[in-house]
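Raw my_file.cif, mmCIF, C-alpha atoms:
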data_final
loop_
_atom_site.label_atom_id
_atom_site.label_comp_id
_atom_site.auth_asym_id
_atom_site.auth_seq_id
_atom_site.Cartn_x
_atom_site.Cartn_y
_atom_site.Cartn_z
CA MET N 32 108.16 -9.15 -118.78
CA ASN N 33 110.49 -6.99 -116.70
CA SER N 34 108.65 -4.01 -115.31
CA LYS N 35 110.94 -1.47 -116.99
CA SER N 36 112.99 -3.35 -119.54
CA GLU N 37 110.75 -2.53 -122.51
CA LEU N 38 110.64 1.21 -121.85
CA PRO N 39 113.37 3.30 -123.50
CA GLY N 40 115.03 5.76 -121.11
CA ARG N 41 113.37 9.14 -121.10
CA ARG N 42 116.70 10.88 -121.63
CA LYS N 43 116.90 9.04 -124.95
CA PHE N 44 113.45 10.47 -125.81
CA ILE N 45 114.60 14.02 -125.27
CA LYS N 46 117.84 13.59 -127.21
CA ASP N 47 116.14 11.97 -130.19
CA ALA N 48 115.36 15.13 -132.14
CA SER N 49 114.39 13.33 -135.30
CA ALA N 50 111.68 11.41 -133.50
CA ALA N 51 110.43 14.64 -131.99
CA ALA N 52 109.99 16.02 -135.48
CA ALA N 53 108.10 12.88 -136.46
CA VAL N 54 105.53 13.51 -133.74
CA GLY N 55 105.12 16.75 -135.62
CA ILE N 56 102.47 17.75 -133.35
CA LEU N 57 99.73 15.81 -134.77
CA GLY N 58 99.76 15.45 -131.03
CA ALA N 59 100.67 12.44 -128.96
CA GLY N 60 97.22 10.96 -129.32
CA ALA N 61 97.34 10.96 -133.11
CA LEU N 62 100.61 9.04 -133.17
CA LEU N 63 99.38 6.53 -130.64
CA GLN N 64 96.31 5.81 -132.72
CA SER N 65 98.67 4.36 -135.34
CA CYS N 66 99.99 1.72 -132.96
CA SER N 67 98.97 -1.82 -133.76
CA ARG N 68 97.38 -3.65 -130.89
CA THR N 69 100.05 -6.34 -131.21
CA SER N 70 103.06 -4.15 -131.99
CA LYS N 71 105.78 -2.97 -129.66
CA PRO N 72 104.62 0.35 -128.17
CA GLN N 73 105.55 3.48 -130.11
CA VAL N 74 106.04 6.13 -127.47
CA PRO N 75 106.11 9.67 -128.86
CA VAL N 76 108.86 12.10 -128.08
CA PHE N 77 107.71 15.33 -126.48
CA PRO N 78 109.55 18.50 -127.47
CA GLU N 79 110.76 20.41 -124.41
CA LYS N 80 110.39 23.75 -126.19
CA ALA N 81 108.43 24.88 -129.20
CA PRO N 82 110.49 25.46 -132.37
CA GLY N 83 111.63 28.99 -133.04
CA GLY N 84 109.78 31.19 -135.45
CA ARG N 85 107.96 34.45 -135.83
CA THR N 86 106.56 36.05 -132.71
CA LEU N 87 103.08 34.82 -131.84
CA LYS N 88 100.76 37.26 -130.11
CA VAL N 89 98.42 35.88 -127.44
CA GLY N 90 95.28 37.47 -126.02
CA LEU N 91 93.47 36.21 -122.90
CA VAL N 92 89.71 36.31 -122.34
CA GLY N 93 89.05 35.71 -118.64
CA CYS N 94 91.74 37.11 -116.34
CA GLY N 95 91.26 34.86 -113.31
CA GLY N 96 93.73 32.46 -111.79
CA ARG N 97 93.57 29.77 -114.46
CA GLY N 98 93.66 32.24 -117.33
CA THR N 99 96.65 34.06 -115.87
CA GLY N 100 98.33 30.71 -115.25
CA ALA N 101 97.80 29.80 -118.90
CA LEU N 102 99.61 32.98 -119.94
CA PHE N 103 102.54 31.96 -117.75
CA ASN N 104 102.51 28.57 -119.51
CA PHE N 105 102.67 30.32 -122.90
CA LEU N 106 105.60 32.45 -121.81
CA ASP N 107 107.47 29.45 -120.38
CA ALA N 108 106.81 27.36 -123.48
CA ASP N 109 108.29 29.73 -126.05
CA PRO N 110 110.49 32.85 -125.82
CA ASP N 111 108.86 34.17 -129.00
CA ILE N 112 105.46 34.70 -127.36
CA GLU N 113 103.99 38.13 -126.66
CA ILE N 114 100.98 38.73 -124.43
CA THR N 115 99.33 41.65 -126.22
CA ALA N 116 95.68 41.81 -125.13
CA LEU N 117 93.43 41.06 -122.16
CA ALA N 118 89.66 41.00 -121.71
CA ASP N 119 87.50 40.54 -118.62
CA VAL N 120 84.17 41.70 -117.24
CA PHE N 121 85.76 43.03 -114.04
CA SER N 122 88.41 45.74 -113.88
CA ASP N 123 89.83 44.42 -110.58
CA ARG N 124 90.47 40.99 -112.12
CA MET N 125 92.12 42.67 -115.09
CA ALA N 126 94.33 44.75 -112.75
CA TRP N 127 95.35 41.65 -110.80
CA CYS N 128 96.31 39.79 -113.97
CA ARG N 129 98.36 42.74 -115.20
CA ARG N 130 100.20 42.95 -111.87
CA GLU N 131 100.97 39.25 -111.94
CA LEU N 132 102.34 39.47 -115.46
CA LYS N 133 104.48 42.49 -114.67
CA GLU N 134 105.82 41.34 -111.30
CA LYS N 135 106.44 37.69 -112.15
CA LYS N 136 107.19 37.77 -115.88
CA GLY N 137 108.18 41.37 -116.61
CA VAL N 138 105.32 41.63 -119.14
CA GLU N 139 103.22 44.75 -119.56
CA VAL N 140 100.04 44.94 -121.62
CA ALA N 141 99.14 48.34 -123.07
CA ASP N 142 96.08 50.09 -121.65
CA GLU N 143 94.49 50.31 -125.09
CA LYS N 144 94.67 46.50 -125.42
CA CYS N 145 92.83 45.86 -122.14
CA PHE N 146 89.09 45.46 -122.74
CA ILE N 147 86.48 45.54 -119.98
CA GLY N 148 82.90 44.32 -120.37
CA PHE N 149 80.84 41.48 -121.79
CA ASP N 150 81.88 42.54 -125.29
CA GLY N 151 85.57 42.70 -124.40
CA TYR N 152 86.24 39.39 -126.14
CA GLN N 153 85.06 40.89 -129.44
CA HIS N 154 87.57 43.74 -129.23
CA LEU N 155 90.36 41.36 -128.24
CA ILE N 156 89.64 38.99 -131.13
CA ALA N 157 89.54 41.96 -133.50
CA SER N 158 93.04 42.99 -132.42
CA ASP N 159 96.21 41.58 -133.96
CA VAL N 160 96.42 38.49 -131.75
CA ASP N 161 97.39 35.16 -133.31
CA ILE N 162 96.13 32.97 -130.47
CA VAL N 163 93.05 33.52 -128.31
CA ALA N 164 93.11 31.91 -124.86
CA LEU N 165 89.63 31.35 -123.42
CA ALA N 166 89.39 30.96 -119.64
CA THR N 167 86.07 32.54 -118.65
CA PRO N 168 83.35 30.53 -116.89
CA PRO N 169 82.50 27.77 -119.38
CA PHE N 170 78.98 29.08 -120.07
CA PHE N 171 80.62 31.63 -122.38
CA ARG N 172 82.94 29.19 -124.16
CA PRO N 173 80.75 28.29 -127.18
CA GLN N 174 80.11 31.95 -128.06
CA HIS N 175 83.73 32.97 -127.61
CA PHE N 176 85.10 29.97 -129.51
CA ASP N 177 82.74 30.60 -132.41
CA ALA N 178 83.87 34.23 -132.61
CA ALA N 179 87.56 33.24 -132.54
CA VAL N 180 87.12 30.65 -135.29
CA ARG N 181 85.16 33.08 -137.47
CA ALA N 182 88.06 35.53 -137.08
CA ARG N 183 90.50 32.73 -138.05
CA LYS N 184 92.40 32.76 -134.78
CA HIS N 185 94.14 29.78 -133.23
CA VAL N 186 92.65 28.91 -129.83
CA PHE N 187 93.57 27.51 -126.47
CA MET N 188 90.52 27.03 -124.28
CA GLU N 189 89.98 25.55 -120.87
CA LYS N 190 87.70 22.64 -120.17
CA PRO N 191 84.81 22.08 -119.87
CA VAL N 192 83.90 23.64 -123.19
CA ALA N 193 80.18 24.09 -122.46
CA VAL N 194 77.59 23.58 -119.73
CA ASP N 195 74.65 22.17 -121.72
CA PRO N 196 73.89 20.06 -124.82
CA VAL N 197 73.19 23.05 -127.07
CA GLY N 198 76.52 24.65 -126.22
CA THR N 199 78.41 21.39 -126.60
CA ARG N 200 77.03 20.79 -130.08
CA ALA N 201 77.97 24.37 -130.98
CA ILE N 202 81.55 23.64 -129.92
CA ILE N 203 81.61 20.55 -132.15
CA ALA N 204 80.36 22.60 -135.10
CA SER N 205 82.97 25.30 -134.51
CA ALA N 206 85.68 22.67 -134.07
CA ARG N 207 84.92 21.18 -137.46
CA GLN N 208 84.97 24.62 -139.03
CA ALA N 209 88.35 25.30 -137.39
CA ASP N 210 89.69 22.03 -138.78
CA SER N 211 88.50 22.87 -142.29
CA ILE N 212 90.45 26.13 -142.39
CA GLY N 213 93.61 24.84 -140.72
CA LEU N 214 93.28 26.46 -137.30
CA LYS N 215 95.00 24.81 -134.33
CA VAL N 216 92.92 24.30 -131.19
CA GLY N 217 94.10 23.05 -127.80
CA THR N 218 92.00 22.40 -124.73
CA GLY N 219 92.75 22.02 -121.03
CA THR N 220 92.85 18.22 -121.02
CA GLN N 221 96.49 18.20 -119.97
CA ARG N 222 96.67 14.49 -119.14
CA ARG N 223 96.77 13.90 -122.91
CA HIS N 224 100.08 15.79 -122.85
CA GLN N 225 101.54 14.12 -119.76
CA LEU N 226 104.30 11.70 -120.73
CA ASP N 227 103.53 9.04 -118.12
CA TYR N 228 99.86 8.89 -119.20
CA VAL N 229 100.76 8.87 -122.90
CA THR N 230 103.35 6.13 -122.41
CA THR N 231 100.96 4.00 -120.39
CA LYS N 232 98.35 4.40 -123.12
CA ALA N 233 100.88 3.22 -125.71
CA TYR N 234 101.42 0.02 -123.76
CA ILE N 235 97.67 -0.51 -123.33
CA GLU N 236 97.19 -0.07 -127.08
CA SER N 237 99.92 -2.61 -127.76
CA GLY N 238 97.61 -5.23 -126.25
CA ILE N 239 99.46 -5.81 -122.99
CA ILE N 240 96.21 -6.19 -121.00
CA GLY N 241 93.94 -7.15 -123.88
CA ASP N 242 90.61 -5.46 -124.52
CA ILE N 243 89.44 -2.97 -121.90
CA ILE N 244 86.36 -4.43 -120.21
CA ALA N 245 85.75 -2.14 -117.19
CA ALA N 246 86.80 1.23 -115.80
CA ASN N 247 86.31 3.54 -112.88
CA CYS N 248 87.49 7.06 -112.07
CA TYR N 249 87.39 9.52 -109.19
CA TRP N 250 87.77 13.17 -108.27
CA ASN N 251 86.99 13.29 -104.56
CA GLN N 252 88.28 16.31 -102.63
CA GLY N 253 87.28 18.91 -100.06
CA HIS N 254 85.03 21.85 -100.82
CA SER N 255 86.05 24.21 -103.58
CA TRP N 256 86.24 28.01 -103.44
CA PHE N 257 83.23 30.31 -103.15
CA ALA N 258 82.61 34.06 -102.91
CA ARG N 259 80.73 35.76 -100.10
CA ARG N 260 78.24 38.23 -101.51
CA ASP N 261 78.92 41.93 -101.19
CA PRO N 262 75.64 43.81 -100.64
CA SER N 263 76.53 46.18 -103.47
CA TRP N 264 76.68 43.38 -106.05
CA THR N 265 73.79 42.68 -108.39
CA ASP N 266 72.68 39.08 -108.95
CA MET N 267 74.79 38.87 -112.09
CA GLU N 268 77.94 40.25 -110.48
CA PHE N 269 77.60 37.90 -107.53
CA MET N 270 77.08 34.86 -109.73
CA LEU N 271 80.01 35.78 -111.97
CA ARG N 272 82.30 36.27 -108.97
CA ASP N 273 80.98 33.01 -107.48
CA TRP N 274 80.74 31.22 -110.85
CA ASN N 275 82.30 28.02 -109.59
CA ASN N 276 79.08 27.22 -107.70
CA TRP N 277 76.30 27.91 -110.24
CA ILE N 278 75.05 25.32 -112.69
CA TRP N 279 74.48 27.72 -115.59
CA LEU N 280 77.98 29.17 -115.35
CA GLN N 281 80.11 26.15 -114.45
CA GLY N 282 78.00 23.09 -115.23
CA ASP N 283 78.63 21.50 -111.79
CA HIS N 284 81.86 19.95 -110.60
CA ILE N 285 81.33 16.72 -112.52
CA LEU N 286 82.17 18.93 -115.52
CA ASP N 287 84.77 21.11 -113.88
CA GLN N 288 86.86 18.35 -112.29
CA ASN N 289 85.60 14.82 -112.93
CA ILE N 290 85.74 15.58 -116.66
CA HIS N 291 89.53 15.09 -116.48
CA ASN N 292 89.10 11.51 -115.31
CA ILE N 293 86.18 10.83 -117.64
CA ASP N 294 88.25 12.16 -120.53
CA VAL N 295 91.08 9.76 -119.68
CA ILE N 296 88.73 6.76 -119.82
CA ASN N 297 87.17 7.95 -123.12
CA TRP N 298 90.69 8.48 -124.48
CA PHE N 299 91.97 5.05 -123.45
CA LYS N 300 88.74 3.37 -124.56
CA GLY N 301 88.63 5.21 -127.88
CA GLY N 302 84.96 6.12 -127.60
CA HIS N 303 82.25 7.56 -125.39
CA PRO N 304 79.40 6.10 -123.30
CA VAL N 305 75.97 5.75 -124.87
CA LYS N 306 73.93 6.02 -121.67
CA ALA N 307 74.20 6.87 -117.99
CA VAL N 308 72.38 6.34 -114.71
CA GLY N 309 73.57 8.37 -111.75
CA PHE N 310 72.73 9.97 -108.47
CA GLY N 311 74.04 12.79 -106.34
CA SER N 312 73.04 15.39 -103.77
CA SER N 313 74.08 18.52 -101.94
CA HIS N 314 74.96 18.12 -98.27
CA ARG N 315 77.40 20.84 -97.27
CA ARG N 316 77.88 23.15 -100.25
CA PRO N 317 78.21 26.71 -98.88
CA SER N 318 77.01 28.55 -102.00
CA GLY N 319 75.19 28.11 -105.28
CA ASP N 320 72.76 25.51 -106.63
CA GLN N 321 75.06 22.61 -107.48
CA TYR N 322 75.58 19.17 -105.99
CA ASP N 323 78.59 18.34 -103.86
CA ASN N 324 78.69 14.66 -104.84
CA PHE N 325 77.96 12.46 -107.88
CA SER N 326 78.09 8.73 -108.58
CA VAL N 327 77.38 7.73 -112.18
CA ASP N 328 77.33 4.40 -114.03
CA PHE N 329 78.21 4.99 -117.69
CA VAL N 330 77.75 2.29 -120.32
CA TYR N 331 79.72 2.19 -123.59
CA GLU N 332 78.44 0.84 -126.89
CA ASP N 333 80.10 -2.55 -126.37
CA GLY N 334 78.46 -2.92 -122.95
CA MET N 335 81.48 -1.88 -120.90
CA HIS N 336 80.65 -0.04 -117.66
CA MET N 337 82.57 2.91 -116.24
CA HIS N 338 81.83 4.15 -112.74
CA ALA N 339 82.63 7.85 -112.22
CA MET N 340 82.55 9.33 -108.72
CA CYS N 341 83.27 12.89 -107.61
CA ARG N 342 82.78 14.79 -104.38
CA GLN N 343 83.58 18.19 -102.86
CA ILE N 344 83.05 17.69 -99.12
CA ASP N 345 85.58 18.38 -96.37
CA ASN N 346 86.88 15.73 -93.95
CA CYS N 347 86.19 12.77 -96.26
CA ALA N 348 88.46 10.25 -97.98
CA ASN N 349 89.98 11.88 -101.07
CA ASN N 350 90.95 10.23 -104.35
CA ILE N 351 91.83 11.58 -107.80
CA SER N 352 92.54 8.68 -110.13
CA GLU N 353 91.55 6.54 -113.10
CA HIS N 354 91.58 2.75 -113.44
CA ILE N 355 90.96 0.37 -116.32
CA VAL N 356 90.62 -3.40 -116.37
CA GLY N 357 91.52 -5.55 -119.35
CA ILE N 358 91.12 -9.24 -120.08
CA LYS N 359 94.76 -9.92 -119.13
CA GLY N 360 95.50 -7.20 -116.58
CA ARG N 361 94.74 -3.73 -115.25
CA SER N 362 96.24 -0.27 -115.06
CA ASN N 363 96.02 2.99 -113.13
CA CYS N 364 96.36 4.75 -116.53
CA VAL N 365 99.23 6.93 -115.39
CA ASN N 366 102.30 4.81 -114.61
CA ARG N 367 101.60 1.16 -113.76
CA ILE N 368 100.29 -1.99 -115.43
CA GLU N 369 99.80 -5.18 -113.44
CA ASP N 370 98.22 -8.60 -113.72
CA HIS N 371 94.96 -9.47 -112.00
CA LYS N 372 96.84 -10.60 -108.88
CA GLY N 373 98.51 -7.22 -108.52
CA ASN N 374 101.93 -8.28 -109.79
CA PRO N 375 103.65 -5.53 -111.81
CA ILE N 376 103.97 -6.03 -115.55
CA TRP N 377 105.34 -2.58 -116.38
CA GLU N 378 105.96 0.74 -114.64
CA PHE N 379 106.86 4.14 -116.01
CA ASP N 380 110.52 5.10 -115.65
CA TYR N 381 110.51 8.57 -114.10
CA MET N 382 113.39 10.99 -113.88
CA HIS N 383 114.74 11.81 -110.42
CA THR N 384 115.48 15.13 -108.78
CA ALA N 385 119.08 15.96 -107.87
CA ASP N 386 118.70 14.55 -104.37
CA GLY N 387 117.23 11.35 -105.79
CA GLU N 388 114.19 11.58 -103.56
CA ASN N 389 111.40 12.60 -105.93
CA GLU N 390 110.34 11.12 -109.25
CA ARG N 391 108.84 13.32 -111.93
CA ILE N 392 108.25 13.90 -115.59
CA ASN N 393 110.44 16.61 -117.06
CA ILE N 394 107.81 19.01 -118.38
CA ASN N 395 104.75 20.25 -116.52
CA PRO N 396 101.77 19.02 -118.61
CA TYR N 397 100.14 22.47 -118.42
CA GLU N 398 103.22 23.79 -120.20
CA GLN N 399 103.54 20.74 -122.45
CA GLU N 400 100.09 21.21 -123.93
CA ILE N 401 101.04 24.76 -124.89
CA ILE N 402 104.32 23.55 -126.40
CA HIS N 403 102.34 21.12 -128.54
CA LEU N 404 99.92 23.83 -129.66
CA ILE N 405 102.67 26.31 -130.57
CA THR N 406 104.67 23.60 -132.34
CA ALA N 407 101.63 22.75 -134.46
CA ILE N 408 101.16 26.40 -135.38
CA ARG N 409 104.81 26.89 -136.32
CA ASN N 410 105.03 23.62 -138.28
CA ASP N 411 101.49 23.95 -139.70
CA THR N 412 100.61 20.41 -138.67
CA PRO N 413 97.12 19.28 -137.60
CA PHE N 414 96.24 19.91 -133.99
CA SER N 415 92.62 19.70 -133.00
CA GLU N 416 91.39 18.87 -129.49
CA ALA N 417 88.08 20.71 -129.33
CA GLU N 418 85.79 17.91 -130.50
CA ALA N 419 87.33 15.30 -128.22
CA CYS N 420 86.97 17.69 -125.28
CA ALA N 421 83.37 18.40 -126.31
CA ILE N 422 82.64 14.67 -126.31
CA SER N 423 83.99 14.31 -122.78
CA THR N 424 82.04 17.43 -121.79
CA MET N 425 78.85 15.88 -123.17
CA THR N 426 79.62 12.65 -121.31
CA ALA N 427 79.79 14.58 -118.03
CA ILE N 428 76.61 16.51 -118.88
CA MET N 429 74.82 13.22 -119.56
CA GLY N 430 75.86 11.98 -116.12
CA ARG N 431 74.86 15.23 -114.44
CA ILE N 432 71.39 15.24 -116.00
CA SER N 433 70.84 11.63 -114.97
CA ALA N 434 71.80 12.44 -111.39
CA TYR N 435 69.60 15.54 -111.32
CA THR N 436 66.57 13.73 -112.75
CA GLY N 437 67.03 10.15 -111.56
CA ARG N 438 66.45 8.92 -115.13
CA GLU N 439 68.55 6.90 -117.51
CA VAL N 440 69.87 9.40 -120.04
CA THR N 441 71.21 8.43 -123.46
CA TRP N 442 73.80 9.93 -125.79
CA GLU N 443 71.18 10.20 -128.52
CA GLU N 444 69.03 12.24 -126.16
CA MET N 445 71.95 14.59 -125.48
CA MET N 446 72.67 15.05 -129.17
CA ASN N 447 69.06 16.07 -129.76
CA SER N 448 68.38 17.98 -126.55
CA SER N 449 67.25 21.61 -126.65
CA LEU N 450 68.49 22.25 -123.09
CA ARG N 451 70.28 25.57 -122.84
CA LEU N 452 71.21 26.94 -119.43
CA GLY N 453 71.49 30.56 -118.35
CA PRO N 454 69.50 33.77 -118.67
CA ASP N 455 68.35 35.02 -122.05
CA LYS N 456 70.11 38.35 -121.55
CA ILE N 457 73.63 38.69 -120.16
CA ALA N 458 73.89 42.04 -118.37
CA MET N 459 74.60 43.33 -114.90
CA GLY N 460 71.44 43.35 -112.83
CA PRO N 461 68.86 40.77 -111.72
CA VAL N 462 69.17 37.18 -112.91
CA ASN N 463 65.78 35.55 -113.27
CA ILE N 464 66.64 31.87 -113.40
CA PRO N 465 65.77 29.04 -110.97
CA THR N 466 68.41 28.60 -108.28
CA SER N 467 66.97 25.67 -106.34
CA ILE N 468 69.04 22.51 -106.02
CA PRO N 469 67.77 19.75 -108.35
CA VAL N 470 65.82 16.92 -106.73
CA PRO N 471 65.88 13.49 -108.47
CA GLY N 472 62.47 12.32 -109.58
CA THR N 473 61.16 15.89 -109.79
CA ALA N 474 63.77 17.83 -111.76
CA PRO N 475 63.06 18.57 -115.44
CA GLY N 476 64.79 16.46 -118.07
CA ALA N 477 67.07 17.23 -120.95
#

Do you think you could lay out the structure here as structure tokens?
Amino acid sequence: MNSKSELPGRRKFIKDASAAAAVGILGAGALLQSCSRTSKPQVPVFPEKAPGGRTLKVGLVGCGGRGTGALFNFLDADPDIEITALADVFSDRMAWCRRELKEKKGVEVADEKCFIGFDGYQHLIASDVDIVALATPPFFRPQHFDAAVRARKHVFMEKPVAVDPVGTRAIIASARQADSIGLKVGTGTQRRHQLDYVTTKAYIESGIIGDIIAANCYWNQGHSWFARRDPSWTDMEFMLRDWNNWIWLQGDHILDQNIHNIDVINWFKGGHPVKAVGFGSSHRRPSGDQYDNFSVDFVYEDGMHMHAMCRQIDNCANNISEHIVGIKGRSNCVNRIEDHKGNPIWEFDYMHTADGENERININPYEQEIIHLITAIRNDTPFSEAEACAISTMTAIMGRISAYTGREVTWEEMMNSSLRLGPDKIAMGPVNIPTSIPVPGTAPGA
């Protein structure tokens, strides 16, 4: 097979408006599930803009960098979007977000729609927003998602969607409730909205490499950000400002970053692992109680193994990628399929920049996922990503707990675990929770 002969030109995708309507926004994944394993790949058409319609009002809970970036994605995705409400625990983060919106997008949010404090999300949800964007530390995600669903608001929320088994199961319950009342829910698993990934998955599902029999994935990078403690901060304020480094707030970087790669393998495989054995440690982490490296062997129900590795240590070899192996070939999941000798079978046909030097997909996947969400709302078509994201979150939690404890941990154990992280009371002041780094063989279980 010619490496590109079977792939329709991407310009044809964009011009084919009728096919775009057919995708409807069940989402790319839903359409691909309909592909026969022996049929010619059906590659969905991605709309470049959401369809016009009534103005949709968006409120953001969590005014940090990712939350503010999500608001930019909303504004770029649809001219009929209004940012009408903001909520955050810290007034300085709120002020920064408002400046960014005003200076870079010409958007101003009224003072009376800016809510400060741990209960700010409640006031925001009670306002006239149509869509609630959730971008706080993931510890808060189950509570905030539940409140949004109860108020019958559409939701975009960042991954991971929880930090522990109790929270993850709560997300699944809320997701099913959202589905039952027709709410649309998107999550921050943007690779599922990235055309090269989606096209590659279509070819894999057509049977081009046969059954998937092995996989591995990586998120190895240098150290992530951390906050230096101001002496005036209480324990809670410090941890919230340094949330990226505390297990109870972030869930560890296997959830924050490696979840993207794990989610890709679950997505391509069409299922989740049933057990995990892993290890990890903390060598050079400058703050918090998390690990800076993990290596986990996951096993799926059919016996397939996936190795997931992640690391946040400077001056080491870096790698962010996913790989699957089939009976007849292998793929990097994003743009290439080859035989077992490394000969190309198919490659994604990228667009080129004006100078012809760089290859790219046309739409940033962070914007594309918002386009898909808004399209689903306007067309009232099913769009539900929360449960799939929760499953990948639980997969990462299973791996984390195995690494912390040194034990084999099963999916059944996760689905029955009473483990809930974090303090009983969320308030500024002391935080009385263990902050020692877990030691395998001695750490408590799930």

Report the residues retrieved by the PyMOL selection byres ((chain N and resi 145) around 9) from the displayed file, expressed as number ranges by chain. N: 115-119, 125, 140-144, 146-147, 151, 155

Pick from N:His403, N:Arg438, N:Arg451, N:Arg367, whichever lies nearest to Thr230 of chain N using all atoms listed in the file: N:Arg367

Could you tell me which residues the PyMOL selection byres ((chain N and resi 267) around 10) grabs in this file, written as an mmCIF file with C-alpha atoms, keeping the file's coordinate frame?
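Everything below was put into result_23.cif:
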data_model
loop_
_atom_site.group_PDB
_atom_site.id
_atom_site.type_symbol
_atom_site.label_atom_id
_atom_site.label_comp_id
_atom_site.auth_asym_id
_atom_site.auth_seq_id
_atom_site.Cartn_x
_atom_site.Cartn_y
_atom_site.Cartn_z
ATOM 1 C CA TRP N 264 76.680 43.380 -106.050
ATOM 2 C CA THR N 265 73.790 42.680 -108.390
ATOM 3 C CA ASP N 266 72.680 39.080 -108.950
ATOM 4 C CA GLU N 268 77.940 40.250 -110.480
ATOM 5 C CA PHE N 269 77.600 37.900 -107.530
ATOM 6 C CA MET N 270 77.080 34.860 -109.730
ATOM 7 C CA LEU N 271 80.010 35.780 -111.970
ATOM 8 C CA ARG N 272 82.300 36.270 -108.970
ATOM 9 C CA ASP N 273 80.980 33.010 -107.480
ATOM 10 C CA TRP N 274 80.740 31.220 -110.850
ATOM 11 C CA PRO N 454 69.500 33.770 -118.670
ATOM 12 C CA ILE N 457 73.630 38.690 -120.160
ATOM 13 C CA ALA N 458 73.890 42.040 -118.370
ATOM 14 C CA MET N 459 74.600 43.330 -114.900
ATOM 15 C CA GLY N 460 71.440 43.350 -112.830
ATOM 16 C CA PRO N 461 68.860 40.770 -111.720
ATOM 17 C CA VAL N 462 69.170 37.180 -112.910
ATOM 18 C CA ASN N 463 65.780 35.550 -113.270
#

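Take the PyMOL selection byres ((chain N and resi 73-86) around 6) and apply it to this file: it picks Phe44, Ala51, Pro72, Leu87, Ala108, Asp109, Asp111, Ile112, Thr230, Ile402 and Thr406 of chain N.
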
With C-alpha atoms retained, could you export that selection as a short mmCIF file (atom, residue, chain, number, x, y, z; two decimals), in the coordinates of the input?
data_model
loop_
_atom_site.label_atom_id
_atom_site.label_comp_id
_atom_site.auth_asym_id
_atom_site.auth_seq_id
_atom_site.Cartn_x
_atom_site.Cartn_y
_atom_site.Cartn_z
CA PHE N 44 113.45 10.47 -125.81
CA ALA N 51 110.43 14.64 -131.99
CA PRO N 72 104.62 0.35 -128.17
CA LEU N 87 103.08 34.82 -131.84
CA ALA N 108 106.81 27.36 -123.48
CA ASP N 109 108.29 29.73 -126.05
CA ASP N 111 108.86 34.17 -129.00
CA ILE N 112 105.46 34.70 -127.36
CA THR N 230 103.35 6.13 -122.41
CA ILE N 402 104.32 23.55 -126.40
CA THR N 406 104.67 23.60 -132.34
#

Mind pulling up the distance from atom CA of Ser433 of chain N to atom CA of Asp333 of chain N?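 Interatomic distance, atom CA of Asp333 of chain N to atom CA of Ser433 of chain N: 20.4 Å.
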
Mind listing whatever residues come within 10 Å of the point (87.8, 21.7, -114.3)? Use only C-alpha atoms, file coordinates, and give them as a list of chain:residue names.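 Looking at atoms near the point gives N:Arg97, N:Pro169, N:Glu189, N:Lys190, N:Pro191, N:Val192, N:Gly219, N:Thr220, N:Asn275, N:Gln281, N:Gly282, N:Asp283, N:His284, N:Ile285, N:Leu286, N:Asp287, N:Gln288, N:Asn289, N:Ile290, N:His291.
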
Can you spit out the residues from that selection as a PDB file, in the frame of the given file, using C-alpha atoms?
ATOM      1  CA  ARG N  97      93.570  29.770-114.460  1.00  0.00           C
ATOM      2  CA  PRO N 169      82.500  27.770-119.380  1.00  0.00           C
ATOM      3  CA  GLU N 189      89.980  25.550-120.870  1.00  0.00           C
ATOM      4  CA  LYS N 190      87.700  22.640-120.170  1.00  0.00           C
ATOM      5  CA  PRO N 191      84.810  22.080-119.870  1.00  0.00           C
ATOM      6  CA  VAL N 192      83.900  23.640-123.190  1.00  0.00           C
ATOM      7  CA  GLY N 219      92.750  22.020-121.030  1.00  0.00           C
ATOM      8  CA  THR N 220      92.850  18.220-121.020  1.00  0.00           C
ATOM      9  CA  ASN N 275      82.300  28.020-109.590  1.00  0.00           C
ATOM     10  CA  GLN N 281      80.110  26.150-114.450  1.00  0.00           C
ATOM     11  CA  GLY N 282      78.000  23.090-115.230  1.00  0.00           C
ATOM     12  CA  ASP N 283      78.630  21.500-111.790  1.00  0.00           C
ATOM     13  CA  HIS N 284      81.860  19.950-110.600  1.00  0.00           C
ATOM     14  CA  ILE N 285      81.330  16.720-112.520  1.00  0.00           C
ATOM     15  CA  LEU N 286      82.170  18.930-115.520  1.00  0.00           C
ATOM     16  CA  ASP N 287      84.770  21.110-113.880  1.00  0.00           C
ATOM     17  CA  GLN N 288      86.860  18.350-112.290  1.00  0.00           C
ATOM     18  CA  ASN N 289      85.600  14.820-112.930  1.00  0.00           C
ATOM     19  CA  ILE N 290      85.740  15.580-116.660  1.00  0.00           C
ATOM     20  CA  HIS N 291      89.530  15.090-116.480  1.00  0.00           C
TER      21      HIS N 291
END

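Between atom CA of Asn366 of chain N and atom CA of Tyr228 of chain N the separation is 6.6 Å.
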
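Candidate residues N:Thr167, N:Gln252, N:Thr466, N:Asn447 were compared for distance to Ala348 of chain N, and the nearest is N:Gln252, using all atoms listed in the file.
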
Residue list as an MDAnalysis selection string for point (67.7, 10.6, -121.8), cut-off 12 Å, only C-alpha atoms: chainID N and resid 196 305:309 428:448 450 475:477

Using only C-alpha atoms, pick whichever of N:Phe329, N:Trp250, N:Phe170, N:Tyr397 has the shortest atom-to-atom distance to Arg223 of chain N.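 Ranked by minimum distance to Arg223 of chain N, first place goes to N:Tyr397.
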
Compare N:Ala206, N:Met335, N:Leu106, N:Leu132 by their minimum atom-to-atom distance to Ile422 of chain N, counting all atoms listed in the file, and give me the closest one. N:Ala206
